[in-house]
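See structure below.
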Amino acid sequence: METIRQIVKTPRNHEIKITIPHYVPEDYPVEILLIFKEQRDDFERKINQLKTAIQDELFMKDLEEVASDFKMVDLEDWKES
């Protein structure tokens with residue numbers, strides 16, 4: 001058994017053309033699978049994690065430290081007039 005894997009993005013018309021290699025005989029049975037992740041659930045899960053992150057004291061402390069570290073870098077090339 002041989003497997004040919006190809007990852008494509010869903011086109012606007014929701015149709016995908018499959019080209020079978022020339023060495024596969026005509027009328028030879030092939031199996032075609034569509035495997036996709038439910039990205040919507042994953043996206044919603046990430047958004048919910050971000051919403052709860054602002055209630056995490058350790059996360060907020062880390063965020064403040066990073067912002068503080070970059071504050072001087074951000075102002076480094078600015079000149080007052």
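The way I read the labels, and the way they are meant: chains A, B, ... in the order of the structure tokens, residue 1 as the first residue of every chain, and ligand 1 as the first ligand shown, with later ones counted on from there.
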query: Any idea what's packed within 12 Å of region 16-18 of chain A, counting only C-alpha atoms, ignoring anything in its chain fewer than 5 positions away? Could you give it as a VMD selection string?
result: chain A and resid 4 to 11 30 to 34
Backbone DSSP call of alpha helix (DSSP H) for chain A, listed as a ChimeraX atom specification: /A:39-53,57-75
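Residues lying within 12 Å of region 59-75 of chain A, counting only C-alpha atoms and ignoring same-chain neighbours fewer than 6 positions away, are Gln49, Leu50, Lys51, Thr52 and Ala53 of chain A.
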Based on the selection just made, write N, CA and C atoms of those residues as a compact mmCIF listing (two decimals), in the first residue's frame.
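Dumped to result_0.txt:
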```txt
# COMPACT_ATOMS: atom_id res chain seq x y z
N GLN A 49 -9.23 31.35 26.80
CA GLN A 49 -8.01 31.36 27.60
C GLN A 49 -7.45 32.77 27.76
N LEU A 50 -7.50 33.54 26.67
CA LEU A 50 -7.02 34.92 26.75
C LEU A 50 -7.88 35.76 27.68
N LYS A 51 -9.18 35.52 27.66
CA LYS A 51 -10.09 36.27 28.54
C LYS A 51 -9.82 35.96 30.01
N THR A 52 -9.48 34.72 30.30
CA THR A 52 -9.21 34.36 31.70
C THR A 52 -7.79 34.74 32.12
N ALA A 53 -6.90 34.99 31.17
CA ALA A 53 -5.51 35.32 31.49
C ALA A 53 -5.41 36.61 32.29
```
message: Just the number, please: distance in Å from CA of Glu15 (chain A) to CA of Phe36 (chain A), one decimal.
response: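 Calculated distance between CA of Glu15 (chain A) and CA of Phe36 (chain A) is 14.6 Å.
Between CA of Glu2 (chain A) and CA of Lys37 (chain A) lies a distance of 23.7 Å.
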task: Please indicate the distance in Å from CA of Glu57 (chain A) to CA of Asp42 (chain A), rounded to one decimal place.
output: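 Straight-line distance from CA of Glu57 (chain A) to CA of Asp42 (chain A) works out to 24.4 Å.
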